[in-house]
$ cat coords-v5.pdb   # PDB, N, CA and C atoms
ATOM      1  N   MET Z  11      16.616  15.203 -20.121
ATOM      2  CA  MET Z  11      16.252  16.248 -19.193
ATOM      3  C   MET Z  11      16.780  15.874 -17.809
ATOM      4  N   ASN Z  12      17.484  16.773 -17.187
ATOM      5  CA  ASN Z  12      18.014  16.547 -15.841
ATOM      6  C   ASN Z  12      17.118  17.236 -14.821
ATOM      7  N   VAL Z  13      16.633  16.460 -13.890
ATOM      8  CA  VAL Z  13      15.781  16.981 -12.823
ATOM      9  C   VAL Z  13      16.538  16.836 -11.513
ATOM     10  N   PRO Z  14      16.561  17.893 -10.684
ATOM     11  CA  PRO Z  14      17.230  17.758  -9.389
ATOM     12  C   PRO Z  14      16.579  16.660  -8.554
ATOM     13  N   LEU Z  15      17.404  15.955  -7.805
ATOM     14  CA  LEU Z  15      16.914  14.842  -7.001
ATOM     15  C   LEU Z  15      15.878  15.302  -5.984
ATOM     16  N   TRP Z  16      16.102  16.438  -5.359
ATOM     17  CA  TRP Z  16      15.163  16.915  -4.340
ATOM     18  C   TRP Z  16      13.803  17.214  -4.946
ATOM     19  N   LEU Z  17      13.784  17.713  -6.189
ATOM     20  CA  LEU Z  17      12.512  18.011  -6.842
ATOM     21  C   LEU Z  17      11.768  16.724  -7.203
ATOM     22  N   ALA Z  18      12.494  15.732  -7.697
ATOM     23  CA  ALA Z  18      11.868  14.452  -8.030
ATOM     24  C   ALA Z  18      11.299  13.790  -6.781
ATOM     25  N   LEU Z  19      12.030  13.827  -5.675
ATOM     26  CA  LEU Z  19      11.545  13.244  -4.424
ATOM     27  C   LEU Z  19      10.322  13.980  -3.911
ATOM     28  N   LEU Z  20      10.306  15.281  -4.050
ATOM     29  CA  LEU Z  20       9.164  16.078  -3.610
ATOM     30  C   LEU Z  20       7.915  15.747  -4.425
ATOM     31  N   VAL Z  21       8.062  15.608  -5.729
ATOM     32  CA  VAL Z  21       6.931  15.283  -6.591
ATOM     33  C   VAL Z  21       6.408  13.877  -6.302
ATOM     34  N   VAL Z  22       7.295  12.914  -6.185
ATOM     35  CA  VAL Z  22       6.886  11.537  -5.901
ATOM     36  C   VAL Z  22       6.203  11.446  -4.542
ATOM     37  N   GLY Z  23       6.747  12.128  -3.557
ATOM     38  CA  GLY Z  23       6.133  12.135  -2.230
ATOM     39  C   GLY Z  23       4.758  12.775  -2.244
ATOM     40  N   GLY Z  24       4.631  13.889  -2.941
ATOM     41  CA  GLY Z  24       3.334  14.565  -3.029
ATOM     42  C   GLY Z  24       2.286  13.709  -3.711
ATOM     43  N   LEU Z  25       2.655  13.062  -4.799
ATOM     44  CA  LEU Z  25       1.708  12.181  -5.499
ATOM     45  C   LEU Z  25       1.328  10.982  -4.643
ATOM     46  N   GLY Z  26       2.307  10.428  -3.949
ATOM     47  CA  GLY Z  26       2.026   9.285  -3.089
ATOM     48  C   GLY Z  26       1.063   9.635  -1.966
ATOM     49  N   ILE Z  27       1.240  10.809  -1.392
ATOM     50  CA  ILE Z  27       0.355  11.235  -0.309
ATOM     51  C   ILE Z  27      -1.057  11.457  -0.827
ATOM     52  N   LYS Z  28      -1.182  12.058  -2.000
ATOM     53  CA  LYS Z  28      -2.511  12.315  -2.565
ATOM     54  C   LYS Z  28      -3.228  11.035  -2.969
ATOM     55  N   LEU Z  29      -2.503  10.088  -3.544
ATOM     56  CA  LEU Z  29      -3.148   8.910  -4.117
ATOM     57  C   LEU Z  29      -3.456   7.812  -3.104
ATOM     58  N   ILE Z  30      -2.508   7.491  -2.226
ATOM     59  CA  ILE Z  30      -2.750   6.348  -1.341
ATOM     60  C   ILE Z  30      -2.834   6.709   0.132
ATOM     61  N   ARG Z  31      -2.600   7.965   0.475
ATOM     62  CA  ARG Z  31      -2.750   8.474   1.846
ATOM     63  C   ARG Z  31      -2.052   7.623   2.914
ATOM     64  N   PRO Z  32      -0.744   7.401   2.753
ATOM     65  CA  PRO Z  32      -0.002   6.661   3.796
ATOM     66  C   PRO Z  32       0.269   7.582   4.988
ATOM     67  N   PRO Z  33       0.698   7.013   6.106
ATOM     68  CA  PRO Z  33       1.077   7.861   7.248
ATOM     69  C   PRO Z  33       2.273   8.755   6.878
ATOM     70  N   TRP Z  34       2.320   9.952   7.443
ATOM     71  CA  TRP Z  34       3.392  10.898   7.135
ATOM     72  C   TRP Z  34       4.763  10.354   7.490
ATOM     73  N   TRP Z  35       4.863   9.600   8.594
ATOM     74  CA  TRP Z  35       6.165   9.096   8.996
ATOM     75  C   TRP Z  35       6.702   8.103   7.976
ATOM     76  N   LEU Z  36       5.809   7.315   7.354
ATOM     77  CA  LEU Z  36       6.237   6.349   6.346
ATOM     78  C   LEU Z  36       6.760   7.064   5.101
ATOM     79  N   VAL Z  37       6.090   8.115   4.700
ATOM     80  CA  VAL Z  37       6.545   8.906   3.546
ATOM     81  C   VAL Z  37       7.920   9.503   3.832
ATOM     82  N   ALA Z  38       8.092  10.051   5.020
ATOM     83  CA  ALA Z  38       9.372  10.664   5.379
ATOM     84  C   ALA Z  38      10.499   9.629   5.384
ATOM     85  N   VAL Z  39      10.230   8.448   5.916
ATOM     86  CA  VAL Z  39      11.248   7.392   5.961
ATOM     87  C   VAL Z  39      11.628   6.940   4.550
ATOM     88  N   LEU Z  40      10.640   6.756   3.683
ATOM     89  CA  LEU Z  40      10.926   6.319   2.317
ATOM     90  C   LEU Z  40      11.696   7.376   1.525
ATOM     91  N   LEU Z  41      11.313   8.634   1.674
ATOM     92  CA  LEU Z  41      12.013   9.694   0.953
ATOM     93  C   LEU Z  41      13.440   9.866   1.457
ATOM     94  N   LEU Z  42      13.620   9.828   2.761
ATOM     95  CA  LEU Z  42      14.965   9.955   3.311
ATOM     96  C   LEU Z  42      15.826   8.758   2.922
ATOM     97  N   GLY Z  43      15.252   7.574   2.959
ATOM     98  CA  GLY Z  43      15.990   6.380   2.546
ATOM     99  C   GLY Z  43      16.396   6.434   1.086
ATOM    100  N   GLY Z  44      15.503   6.889   0.233
ATOM    101  CA  GLY Z  44      15.828   7.024  -1.191
ATOM    102  C   GLY Z  44      16.918   8.048  -1.431
ATOM    103  N   TYR Z  45      16.845   9.142  -0.699
ATOM    104  CA  TYR Z  45      17.865  10.177  -0.841
ATOM    105  C   TYR Z  45      19.230   9.668  -0.387
ATOM    106  N   LEU Z  46      19.252   8.946   0.723
ATOM    107  CA  LEU Z  46      20.517   8.409   1.217
ATOM    108  C   LEU Z  46      21.068   7.325   0.294
ATOM    109  N   LEU Z  47      20.187   6.510  -0.295
ATOM    110  CA  LEU Z  47      20.653   5.487  -1.243
ATOM    111  C   LEU Z  47      21.249   6.113  -2.497
ATOM    112  N   ALA Z  48      20.721   7.246  -2.914
ATOM    113  CA  ALA Z  48      21.225   7.896  -4.120
ATOM    114  C   ALA Z  48      22.659   8.374  -3.946
ATOM    115  N   ASP Z  49      23.061   8.646  -2.731
ATOM    116  CA  ASP Z  49      24.431   9.102  -2.473
ATOM    117  C   ASP Z  49      25.330   7.999  -1.934
ATOM    118  N   SER Z  50      24.862   6.757  -1.952
ATOM    119  CA  SER Z  50      25.647   5.671  -1.377
ATOM    120  C   SER Z  50      26.478   4.965  -2.447
ATOM    121  N   LEU Z  51      27.180   3.935  -2.014
ATOM    122  CA  LEU Z  51      27.967   3.137  -2.952
ATOM    123  C   LEU Z  51      27.085   2.296  -3.866
ATOM    124  N   LEU Z  52      25.825   2.114  -3.498
ATOM    125  CA  LEU Z  52      24.908   1.331  -4.317
ATOM    126  C   LEU Z  52      24.324   2.119  -5.487
ATOM    127  N   ALA Z  53      24.573   3.411  -5.541
ATOM    128  CA  ALA Z  53      23.993   4.255  -6.589
ATOM    129  C   ALA Z  53      24.322   3.772  -8.004
ATOM    130  N   PRO Z  54      25.571   3.419  -8.326
ATOM    131  CA  PRO Z  54      25.840   2.932  -9.687
ATOM    132  C   PRO Z  54      25.067   1.627 -10.009
ATOM    133  N   LEU Z  55      24.933   0.758  -9.042
ATOM    134  CA  LEU Z  55      24.194  -0.475  -9.252
ATOM    135  C   LEU Z  55      22.713  -0.187  -9.521
ATOM    136  N   ILE Z  56      22.150   0.698  -8.739
ATOM    137  CA  ILE Z  56      20.745   1.082  -8.936
ATOM    138  C   ILE Z  56      20.572   1.759 -10.287
ATOM    139  N   ASN Z  57      21.525   2.614 -10.662
ATOM    140  CA  ASN Z  57      21.446   3.317 -11.935
ATOM    141  C   ASN Z  57      21.471   2.352 -13.110
ATOM    142  N   THR Z  58      22.318   1.337 -13.078
ATOM    143  CA  THR Z  58      22.363   0.371 -14.179
ATOM    144  C   THR Z  58      21.123  -0.510 -14.201
ATOM    145  N   THR Z  59      20.532  -0.756 -13.038
ATOM    146  CA  THR Z  59      19.310  -1.554 -12.981
ATOM    147  C   THR Z  59      18.133  -0.796 -13.581
ATOM    148  N   ILE Z  60      18.058   0.495 -13.331
ATOM    149  CA  ILE Z  60      16.956   1.316 -13.823
ATOM    150  C   ILE Z  60      17.066   1.512 -15.328
ATOM    151  N   LYS Z  61      18.269   1.734 -15.823
ATOM    152  CA  LYS Z  61      18.442   2.007 -17.261
ATOM    153  C   LYS Z  61      18.419   0.741 -17.987
TER     154      LYS Z  61
END

$ encode --input "coords-v5.pdb" --output "structure tokens"
Amino acid sequence: MNVPLWLALLVVGGLGIKLIRPPWWLVAVLLLGGYLLADSLLAPLINTTIK
């Protein structure tokens, strides 16, 4: 199943906010960082590590 990256980030962010109630700025930084890493040169390395 292929899920769009923006949808996965939105779901993970929403669950994180509900469960552990971090500051909003921290959630925004983590989501933006994850999104930028997914489009970087490190993406293939991360992909092989996850699989």

$ select_by_dssp --input "coords-v5.pdb" --residues "chain Z" --states "helix (DSSP H, G or I)" --output "PyMOL selection string"
chain Z and resi 15-30+34-48+53-60

$ atom_distance --input "coords-v5.pdb" --atom1 "atom CA of Z:Leu19" --atom2 "atom N of Z:Leu41"
7.6 Å

$ axis_aligned_box --input "coords-v5.pdb" --around "stretch 34-47 of chain Z" --padding-each-side "5 Å" --output "lines of an AutoDock Vina configuration file"
center_x = 11.8
center_y = 8.2
center_z = 3.2
size_x = 28.9
size_y = 15.4
size_z = 21.5

$ atom_distance --input "coords-v5.pdb" --atom1 "atom C of Z:Ala48" --atom2 "atom CA of Z:Leu15"
9.2 Å

$ atom_distance --input "coords-v5.pdb" --atom1 "atom CA of Z:Gly43" --atom2 "atom N of Z:Leu25"
16.6 Å
